[in-house]
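S.K.: Pasting a structure here, questions to come.
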Amino acid sequence: MAVGTQTTPGSREVSTEWADPGFFAQQSRARNLFRVLRQLVVRPEGHKTMPTKAGLVLILLALGIGSSAYNTASNILFMTLALLLSCLLLSGLLSWTNFKGLRWRLITESHLRAGEPAPVCIELRNEKKWLPTYSLWFGLVARTNQFDVQLPLERRLDAGQITRLEWLLKPSVRCVETVSITQLRSQFPFGFLSKVIALDQGREVAVWPARIPYRFKPGQGPFSRREGVSHRRSGSGTELINLRQYRSGDPPRLIHWKASARQRRLLVREMAEEQRETYLVFVETPESLWRSKDQFETLCSFAAALAEDLFRQEQLWGVAVNGEPVRPVRRLADLHGFLDRLSGLEPVAGFQPSSHMNGATVIRFAPGAGKEVHAYVGGRTAGSA
Amino acid sequence: MSVAVPRVQLKYEELLQIKWIMGAVLMLLSLWTLFPLELGASWLLAPVAVITAAVLLFPGWPACIPGWAWKLAAPAIILFTATDFLLSRPDIIGPLVRMIVLLAMLRTLSYRGRREDLQLVLLCLFMVVMAGVLSLSLNFALQVILFAPAAMLLLFLVDLTGYTNREDRVKPEIWRQFAWSRLIRRVLAVCNRHLVAFAALLFALLLSLSSLLFIMMPRFQLDQALPFLSMQSNRSVAGFSDNISFGDVVDILEDNRVAFRVDVDATDGVPAVPYWRMVVLDEYHGSGFRLSRSARSDMIGLSTAYYTPPMRAPPSPDTTRWTFYYEGGISTYLPRVGRFTGLRFQNRQDQSQHTTLFLSATREISSSVLFYQVDDMAADTEWPGGARDRELAGAGAIYRKELEGGDSLSYPATTLVVPAADRETIESYTAGIYEELGRSPEDVAPRAFADAAVRWLQSRHGYALQTRVPSGDGDLLVRWMRSQRDGHCELFAGAFTLLARSAGIPARVVTGFVGGTWNGYENYFMVRNRDAHAWVEAYDSETHSWFRVDPTPGSDSREQSDSDGEVVAFLVDRTFSAYLDSLRILWYRRVVNFDQEQQEQIVGAFQAWGSALADDLRARGEAIRDRISAWFSTPWDGRRWLELLRNALVAVASWLVLRLGLVMLYRRLRRRRGHVAEITRHPIRRRAGKYLRKLAAQSAPAYAPEEAVRADLLCLRYGPGESWPEPTPVFRRARTLLRGRS
């Protein structure tokens, strides 16, 4: 992971499959050769070779020298022309050699967060036996956020080496972003020809809503329980209520080592359940309610930040979006699922807000003045963003 | 996949340094190509080369040039070039070269970006190509072979430094800590045998591809091809101009350089000692001979690539082609041994032809080598007289008091002029010759007189390159004849001319070359400047022809041999200098003079080789088939079956053993070489080895930290790359440990 990048807790790297330039990929040398020869005649789709400015100058130079050679029958000029053309041919050959044995894949975080930079990497592998690979540009695009970047391979990639080309992507809006490698370009070795291989190798990454500051303080309702009071039920509190024999699946951190040593059998601690208020975050997005786009974005950010914080405080028991069934949140993955859902959430036309989800632990949201969004618990205002 | 140990890489700044240095190297190479050319730019080339070499050694110097100087440089060059073009009119090449040199120097000195690098490559390419076209020299082959990889390396570095989001312009800051030794060490550390071998392979491939393309490129016989950048020379050898003074030809004799080379298809009709006739000098002017104005005015100006003379050599059944490679700066007159049916130049050529004196000349003296081919050239010892030459029959000598000025005679009367001041002396010499013959002048044929006069001269004078004609009154040649001192070919030819004219025989001096050596390596004539010679052509009214007389001592024996029709072997040269010269002729033949005909010959040779190969293979196949069928047709018995089985078993066993041995050998070599090479060459492994040796050298009791450092060093030295600890802290700890001990 690159230094200086912020990553969302719990994010992990995900990658696409290894890809190759489309030639020299067979195990058999004969097939590779046949493929290359065939591609000399029939250019594969997406492959393009264009002369650069230097290449155009070279071609013009070759034309000039060629016409002079024919006009004057000067063999010195014929020799110069032959050298220029050989350079051009050699350039094509070296370009192929440069691509040979090259493999790459796209690596991204499993999710991004709007407004926070995160690395998007291309992992490059040179499978050649002896020769290095030089001078490549990878075209990368984040379509929804409309970012476009060219990632250069600045250093030589020796045979058998792996390297990473990193792009810090800072998505501006929450969305389900498609990050793709669009092209592989190289002017290797002399900069005469630009060989472009069009690619469409990408993956979708959820861009979670940006974190925003908010205020949340639920009032003590008639049915709410007092916070911080322990109950004699086993749970994840801090008060030890019992020691019992280790059962498969118990977390190792609960093992009471001193007691286990004395008893010569594994004993685990049973802690009292600490009673806290737990909530259901319920997000409803009827189009009729969320007309302002900014307000809707605030809603998503507010809901995401609130859900994350409640989960950290173990006060989130479930989430629900519109008419979808309530999802209990027991693990981090459940929370991520909710945030992923928020990343692609849009106002729903014709949706009617539910009237029966009004419990004392249900957090609902409604637009306030301006861009403000209010959170309600049990019908009472509990916070705003 | 196992991840190999990363190799050392050059830093971005080091790549920029090498790129800039390669620009200066390219510039020096280009200047080298221009030095041999006489373009009036040598006063500029030398300082530019010195400055380029200086900044190559001290690349930080250009940073000291103030900004205003850079700003003024371009306008100054424009001003200089405009003035240069104006002052050098109508010469274009000289100012053009000077302009290119100045622009290239500006680009070399400046800290360049990508665009400026490409401009520099183009300017240098222009210089090299122009030098090649103008000089046609063999050196061009070497220069272009060096230039091509240097330019490709520069372009490669331009490309490498372009793959970054940083600016690829060389900055003055990168030279602050620059040291050649460090850069060389870094480059050597980066180079490995695979890269070097691959670069060598690429270079060989480039040369092979270029050669193949050069041969395969379709050629058309363009007789009207335009002469391109043909460089004219102001210099010619005085002995081969149309006005010589005595001693001019002798001066050339001290020059051992090759004047021209001649390829001949068939050597049957080639005399062992050819007389390469160049200039005919009919008018005597007291201190030498010249081509008279009237004779010069008869020369016909042409501009063509192929010339067919009106008076041709007798047709021969097989066309023989003589290819001349005539070095630059010799003369406008072209050497030839006789009449021919056609004269072909590479391109359209401005030329002059004299149909009665049989002279061929180009309008300007080429400063580079000139190629021309002559078809069906006969080795003439006699030249047919012109229509006006018949007027000479029976005409006596024309005695003139004033050889210079006055009423000048026109050709062919000029071939009878004798100085009147020394008439009596000359006539007395002529009478003496007749006396020796014992016949009256009327009974003596011109050829008999010529033989007698040659004998008379050679009896009185020996041959010497250096001679001193006594001073005094009267004609120079008469004074020399009177002195009986030794002399050189011009004096002999001149004296004979006066004697012949005095006897009423028209005579003219001819200059050119005689003889030459046969290159034993590539089979062609090499005629050197030291073979320069002067002889005489005298008119025989009976045969209406001009016959060759060579009065210089030593020439009679070779002429006798030729005239007797004996097969005289060429003087074959197999020395080292001949070998070097044969490389030059190969360059001329295979590269500079390569044409459609040779291309067809190569194709024909390939076809012949292919068909011969096919025939050979077919014959071998048939032989094998016959042997197999004979083997099968032999009756089978137990002994034959056993033999067959035994042979099959031996073959299989041998193949298995051989294969196994080779595989084992290959694996062992690969393992050993790969590992050892990596351990001995990788800088981190080497550094770890150095610390290990130092630690081992200090005999202190081992303790825990040292063991840990030693283990890490051992891992860096011999361990696989993926198991390496971070090298820098390990080395730091090792240094601390060593300091602590000491």
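Lettering and numbering for the structure tokens are positional, with chains as A, B, ... in the shown order, residues counted from 1 in each chain, and ligands counted from 1 in the shown order.
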If we count only C-alpha atoms and set the cut-off at 9 Å, which residues sit around A:Thr278, ignoring sequence neighbours fewer than 4 positions away in its own chain? Please answer as a list in words.
M.R.: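 Near neighbours after the sequence-gap exclusion: Leu310, Glu314, Gln315, Leu316, Trp317, Gly318, Thr361 and Val362 of chain A.
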S.K.: Could you name the residues that touch A:Ile107 at 9 Å or less, counting only C-alpha atoms, but leaving out those on the same chain fewer than 3 positions away, as a list in words?
M.R.: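 Counting only C-alpha atoms, the residues come to Glu13, Val14, Ser15, Thr16, Pro119, Val120, Cys121, Ile122 and Glu123 of chain A.
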S.K.: Return the neighbours of chain B among the residues of chain A, cut-off 6 Å, counting only C-alpha atoms, as a list in words.
M.R.: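 Residues of chain A within 6 Å of chain B, counting only C-alpha atoms: Asn71, Thr72, Asn75, Ile76, Met79, Ala82, Leu83, Ser86, Ser135, Pro152, Glu154, Gly160, Gln161, Pro189, Phe190 and Gly191 of chain A.
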S.K.: May I ask which of the residues B:Ala199, B:Val417, B:Val510, B:Leu291 is the closest one to B:Leu498, counting only C-alpha atoms?
M.R.: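 Distance minimum relative to B:Leu498 lands on B:Val417.
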S.K.: Could you name the residues that touch A:Ala303 at 8 Å or less, counting only C-alpha atoms, but leaving out those on the same chain fewer than 3 positions away, as a PyMOL selection string?
M.R.: chain A and resi 281+283+299-300+306-307
S.K.: Only N, CA and C atoms, please: the residues just picked out, written as a compact mmCIF listing (two decimals), in the first residue's frame.
M.R.:
# COMPACT_ATOMS: atom_id res chain seq x y z
N VAL A 281 -30.78 1.55 10.95
CA VAL A 281 -30.69 2.72 10.05
C VAL A 281 -31.56 2.41 8.84
N VAL A 283 -33.14 3.86 5.45
CA VAL A 283 -33.01 4.94 4.45
C VAL A 283 -34.12 4.78 3.42
N LEU A 299 -27.88 13.10 2.42
CA LEU A 299 -28.56 11.95 3.05
C LEU A 299 -27.67 10.72 3.02
N CYS A 300 -27.13 10.44 1.83
CA CYS A 300 -26.30 9.23 1.69
C CYS A 300 -25.08 9.30 2.60
N LEU A 306 -23.19 7.72 9.83
CA LEU A 306 -23.89 7.31 11.05
C LEU A 306 -23.83 5.80 11.25
N ALA A 307 -24.04 5.08 10.15
CA ALA A 307 -24.02 3.62 10.23
C ALA A 307 -22.62 3.13 10.64
S.K.: If you run DSSP on this backbone, which residues of stretch 177-351 of chain B come out as alpha helix (DSSP H), and could you give them as JSON, numbers by chain?
M.R.: {"B": [180, 181, 182, 183, 184, 185, 186, 187, 188, 189, 190, 193, 194, 195, 196, 197, 198, 199, 200, 201, 202, 203, 204, 205, 206, 207, 208, 209, 210, 211, 212, 213, 214, 215, 216, 248, 249, 250, 251, 252, 253, 293, 294, 295, 296, 297]}
S.K.: Store the residues of this selection in a file with N, CA and C atoms, as a short mmCIF file (atom, residue, chain, number, x, y, z; two decimals), in the first residue's frame.
M.R.:
data_model
loop_
_atom_site.label_atom_id
_atom_site.label_comp_id
_atom_site.auth_asym_id
_atom_site.auth_seq_id
_atom_site.Cartn_x
_atom_site.Cartn_y
_atom_site.Cartn_z
N TRP B 180 33.03 11.72 -14.51
CA TRP B 180 33.06 10.70 -15.56
C TRP B 180 33.25 9.31 -14.97
N SER B 181 34.15 9.23 -13.97
CA SER B 181 34.47 7.91 -13.41
C SER B 181 33.22 7.27 -12.80
N ARG B 182 32.43 8.10 -12.10
CA ARG B 182 31.24 7.55 -11.46
C ARG B 182 30.23 7.09 -12.51
N LEU B 183 30.07 7.92 -13.53
CA LEU B 183 29.09 7.56 -14.56
C LEU B 183 29.51 6.28 -15.28
N ILE B 184 30.80 6.17 -15.56
CA ILE B 184 31.28 4.97 -16.25
C ILE B 184 31.06 3.74 -15.37
N ARG B 185 31.34 3.89 -14.08
CA ARG B 185 31.12 2.77 -13.16
C ARG B 185 29.66 2.36 -13.14
N ARG B 186 28.79 3.36 -13.13
CA ARG B 186 27.36 3.06 -13.09
C ARG B 186 26.91 2.36 -14.38
N VAL B 187 27.41 2.86 -15.50
CA VAL B 187 27.03 2.24 -16.77
C VAL B 187 27.52 0.80 -16.84
N LEU B 188 28.74 0.60 -16.36
CA LEU B 188 29.29 -0.77 -16.38
C LEU B 188 28.49 -1.68 -15.47
N ALA B 189 28.03 -1.12 -14.35
CA ALA B 189 27.24 -1.93 -13.42
C ALA B 189 25.91 -2.32 -14.05
N VAL B 190 25.38 -1.43 -14.88
CA VAL B 190 24.08 -1.71 -15.51
C VAL B 190 24.21 -2.74 -16.63
N ARG B 193 25.82 -9.19 -19.60
CA ARG B 193 26.23 -9.85 -20.85
C ARG B 193 25.04 -10.09 -21.77
N HIS B 194 23.86 -10.26 -21.20
CA HIS B 194 22.69 -10.49 -22.04
C HIS B 194 22.36 -9.24 -22.85
N LEU B 195 22.43 -8.09 -22.16
CA LEU B 195 22.11 -6.85 -22.86
C LEU B 195 23.16 -6.55 -23.92
N VAL B 196 24.41 -6.77 -23.56
CA VAL B 196 25.49 -6.51 -24.53
C VAL B 196 25.36 -7.44 -25.73
N ALA B 197 25.08 -8.71 -25.45
CA ALA B 197 24.93 -9.68 -26.54
C ALA B 197 23.73 -9.31 -27.40
N PHE B 198 22.66 -8.88 -26.75
CA PHE B 198 21.47 -8.52 -27.51
C PHE B 198 21.74 -7.28 -28.37
N ALA B 199 22.47 -6.31 -27.79
CA ALA B 199 22.80 -5.11 -28.56
C ALA B 199 23.67 -5.48 -29.77
N ALA B 200 24.62 -6.39 -29.55
CA ALA B 200 25.49 -6.81 -30.66
C ALA B 200 24.66 -7.52 -31.73
N LEU B 201 23.73 -8.31 -31.27
CA LEU B 201 22.86 -9.04 -32.22
C LEU B 201 22.02 -8.05 -33.03
N LEU B 202 21.52 -7.05 -32.33
CA LEU B 202 20.70 -6.04 -33.02
C LEU B 202 21.53 -5.30 -34.06
N PHE B 203 22.76 -4.99 -33.67
CA PHE B 203 23.64 -4.26 -34.59
C PHE B 203 23.92 -5.12 -35.83
N ALA B 204 24.18 -6.38 -35.59
CA ALA B 204 24.42 -7.29 -36.72
C ALA B 204 23.18 -7.39 -37.59
N LEU B 205 22.04 -7.43 -36.92
CA LEU B 205 20.77 -7.50 -37.65
C LEU B 205 20.55 -6.24 -38.48
N LEU B 206 20.90 -5.11 -37.89
CA LEU B 206 20.75 -3.84 -38.61
C LEU B 206 21.62 -3.82 -39.86
N LEU B 207 22.85 -4.28 -39.70
CA LEU B 207 23.76 -4.29 -40.85
C LEU B 207 23.26 -5.27 -41.92
N SER B 208 22.81 -6.44 -41.46
CA SER B 208 22.34 -7.44 -42.42
C SER B 208 21.11 -6.94 -43.15
N LEU B 209 20.18 -6.36 -42.38
CA LEU B 209 18.96 -5.85 -42.99
C LEU B 209 19.26 -4.75 -44.00
N SER B 210 20.16 -3.85 -43.58
CA SER B 210 20.53 -2.74 -44.47
C SER B 210 21.15 -3.28 -45.75
N SER B 211 22.05 -4.24 -45.59
CA SER B 211 22.71 -4.79 -46.78
C SER B 211 21.69 -5.46 -47.69
N LEU B 212 20.79 -6.19 -47.07
CA LEU B 212 19.76 -6.90 -47.85
C LEU B 212 18.88 -5.89 -48.59
N LEU B 213 18.46 -4.87 -47.86
CA LEU B 213 17.60 -3.86 -48.49
C LEU B 213 18.35 -3.14 -49.60
N PHE B 214 19.63 -2.86 -49.33
CA PHE B 214 20.44 -2.16 -50.33
C PHE B 214 20.51 -2.98 -51.62
N ILE B 215 20.66 -4.29 -51.45
CA ILE B 215 20.77 -5.14 -52.63
C ILE B 215 19.41 -5.30 -53.30
N MET B 216 18.38 -5.43 -52.48
CA MET B 216 17.07 -5.76 -53.04
C MET B 216 16.30 -4.55 -53.58
N ASP B 248 56.58 19.37 -64.82
CA ASP B 248 55.27 19.20 -64.19
C ASP B 248 54.92 17.73 -64.03
N VAL B 249 55.18 16.93 -65.04
CA VAL B 249 54.84 15.51 -64.98
C VAL B 249 55.75 14.81 -63.97
N VAL B 250 57.02 15.23 -63.96
CA VAL B 250 57.97 14.60 -63.05
C VAL B 250 57.57 14.83 -61.60
N ASP B 251 57.01 16.01 -61.34
CA ASP B 251 56.56 16.29 -59.97
C ASP B 251 55.56 15.26 -59.48
N ILE B 252 54.76 14.77 -60.40
CA ILE B 252 53.72 13.80 -60.00
C ILE B 252 54.35 12.46 -59.63
N LEU B 253 55.52 12.20 -60.19
CA LEU B 253 56.12 10.88 -60.00
C LEU B 253 56.45 10.59 -58.54
N ARG B 293 45.00 26.57 -79.04
CA ARG B 293 43.66 27.11 -78.90
C ARG B 293 42.72 26.55 -79.97
N SER B 294 43.28 26.39 -81.18
CA SER B 294 42.42 25.89 -82.27
C SER B 294 42.00 24.46 -82.01
N ALA B 295 42.93 23.66 -81.48
CA ALA B 295 42.58 22.27 -81.17
C ALA B 295 41.56 22.21 -80.04
N ARG B 296 41.75 23.13 -79.07
CA ARG B 296 40.82 23.14 -77.94
C ARG B 296 39.42 23.54 -78.40
N SER B 297 39.40 24.43 -79.39
CA SER B 297 38.07 24.88 -79.84
C SER B 297 37.33 23.79 -80.60
#
S.K.: Can you measure atom CA of A:Glu116 to atom CA of A:Asp334 for me? One decimal in Å is fine.
M.R.: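 Computing it gives 21.9 Å between the two atoms.
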S.K.: Using only C-alpha atoms, which of the listed residues (B:Arg485, B:Leu103, B:Trp43, B:Glu542) sits closest to B:Ala73?
M.R.: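 Selected residue with least distance to B:Ala73: B:Leu103.
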S.K.: Running DSSP on the backbone, which parts of stretch 126-337 of chain A land in strand (DSSP E or B), as a VMD selection string?
M.R.: chain A and resid 126 133 137 to 142 147 to 152 157 162 to 169 175 to 186 193 to 208 215 to 216 229 to 245 255 267 to 275 279 to 283 286 316 to 321 327 to 328
S.K.: Quick one: residues within 8 Å of A:Phe138, only C-alpha atoms counted, chain neighbours fewer than 2 positions away excluded, as number ranges by chain?
M.R.: A: 136, 140, 150-152, 181-185
S.K.: Only C-alpha atoms, please: the residues just picked out, written as a PDB file, in the first residue's frame.
M.R.:
ATOM      1  CA  LEU A 136       5.091   1.715 -21.650  1.00  0.00           C
ATOM      2  CA  LEU A 140      -6.559   4.271 -17.213  1.00  0.00           C
ATOM      3  CA  GLN A 150      -1.693   7.812 -18.562  1.00  0.00           C
ATOM      4  CA  LEU A 151       0.511   5.756 -16.293  1.00  0.00           C
ATOM      5  CA  PRO A 152       4.124   5.462 -17.507  1.00  0.00           C
ATOM      6  CA  ILE A 181      -7.332  -0.049 -18.497  1.00  0.00           C
ATOM      7  CA  THR A 182      -8.220   1.389 -21.871  1.00  0.00           C
ATOM      8  CA  GLN A 183      -4.973   1.099 -23.743  1.00  0.00           C
ATOM      9  CA  LEU A 184      -1.377   0.058 -23.684  1.00  0.00           C
ATOM     10  CA  ARG A 185       0.848   2.363 -25.658  1.00  0.00           C
TER      11      ARG A 185
END
S.K.: So how far away is atom CA of B:Pro446 from atom CA of B:Thr381, in Å?
M.R.: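 One can read the atom CA of B:Thr381 to atom CA of B:Pro446 distance as 15.0 Å.
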S.K.: Mind pulling up the distance from atom CA of B:Ala493 to atom CA of B:Glu537?
M.R.: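 Separation of atom CA of B:Glu537 and atom CA of B:Ala493: 9.3 Å.
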S.K.: Can you pull out the residues contacting stretch 366-381 of chain A? Cut-off 10 Å, using only C-alpha atoms, and skip same-chain residues under 5 positions away; I want them as a count of residues only.
M.R.: 35
S.K.: Within 10 Å of B:Arg98, counting only C-alpha atoms, which residues qualify if same-chain residues fewer than 4 places away don't, as a VMD selection string?
M.R.: chain B and resid 39 to 42 44 to 45 77 80 to 81 84 to 85 93 to 94 102 to 104
S.K.: May I have the selected residues written with N, CA and C atoms, as a CSV table (one decimal), in the first residue's frame?
M.R.:
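What follows is the written file result16.csv:
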chain,number,residue,atom,x,y,z
B,39,LEU,N,35.6,22.0,-48.4
B,39,LEU,CA,34.4,22.8,-48.6
B,39,LEU,C,34.7,24.2,-48.1
B,40,GLY,N,35.9,24.5,-47.8
B,40,GLY,CA,36.2,25.9,-47.3
B,40,GLY,C,35.6,26.0,-45.9
B,41,ALA,N,35.4,24.9,-45.2
B,41,ALA,CA,34.9,25.0,-43.8
B,41,ALA,C,35.8,24.6,-42.8
B,42,SER,N,37.1,24.2,-43.2
B,42,SER,CA,38.0,23.7,-42.2
B,42,SER,C,38.3,24.7,-41.1
B,44,LEU,N,36.3,26.5,-39.7
B,44,LEU,CA,35.2,26.4,-38.8
B,44,LEU,C,35.2,25.1,-38.1
B,45,LEU,N,35.5,24.0,-38.8
B,45,LEU,CA,35.4,22.7,-38.3
B,45,LEU,C,36.3,22.4,-37.1
B,77,ILE,N,23.6,33.4,-36.1
B,77,ILE,CA,23.8,32.4,-37.1
B,77,ILE,C,23.1,32.7,-38.4
B,80,PHE,N,25.0,35.5,-40.1
B,80,PHE,CA,26.3,34.9,-40.6
B,80,PHE,C,26.0,34.1,-41.9
B,81,THR,N,24.9,33.3,-41.8
B,81,THR,CA,24.6,32.4,-43.0
B,81,THR,C,24.2,33.2,-44.2
B,84,ASP,N,27.2,34.8,-45.6
B,84,ASP,CA,28.0,33.7,-46.2
B,84,ASP,C,27.5,33.3,-47.6
B,85,PHE,N,26.2,33.1,-47.6
B,85,PHE,CA,25.6,32.7,-48.9
B,85,PHE,C,25.8,33.8,-50.0
B,93,ILE,N,27.2,24.7,-51.6
B,93,ILE,CA,27.5,23.6,-50.7
B,93,ILE,C,28.3,24.1,-49.5
B,94,GLY,N,29.3,25.0,-49.7
B,94,GLY,CA,30.1,25.5,-48.7
B,94,GLY,C,29.3,26.2,-47.6
B,102,LEU,N,27.1,25.1,-37.7
B,102,LEU,CA,26.9,26.1,-36.7
B,102,LEU,C,25.6,25.8,-35.9
B,103,LEU,N,24.6,25.4,-36.7
B,103,LEU,CA,23.3,25.0,-36.0
B,103,LEU,C,23.5,23.8,-35.1
B,104,ALA,N,24.2,22.8,-35.6
B,104,ALA,CA,24.5,21.6,-34.9
B,104,ALA,C,25.3,21.9,-33.6
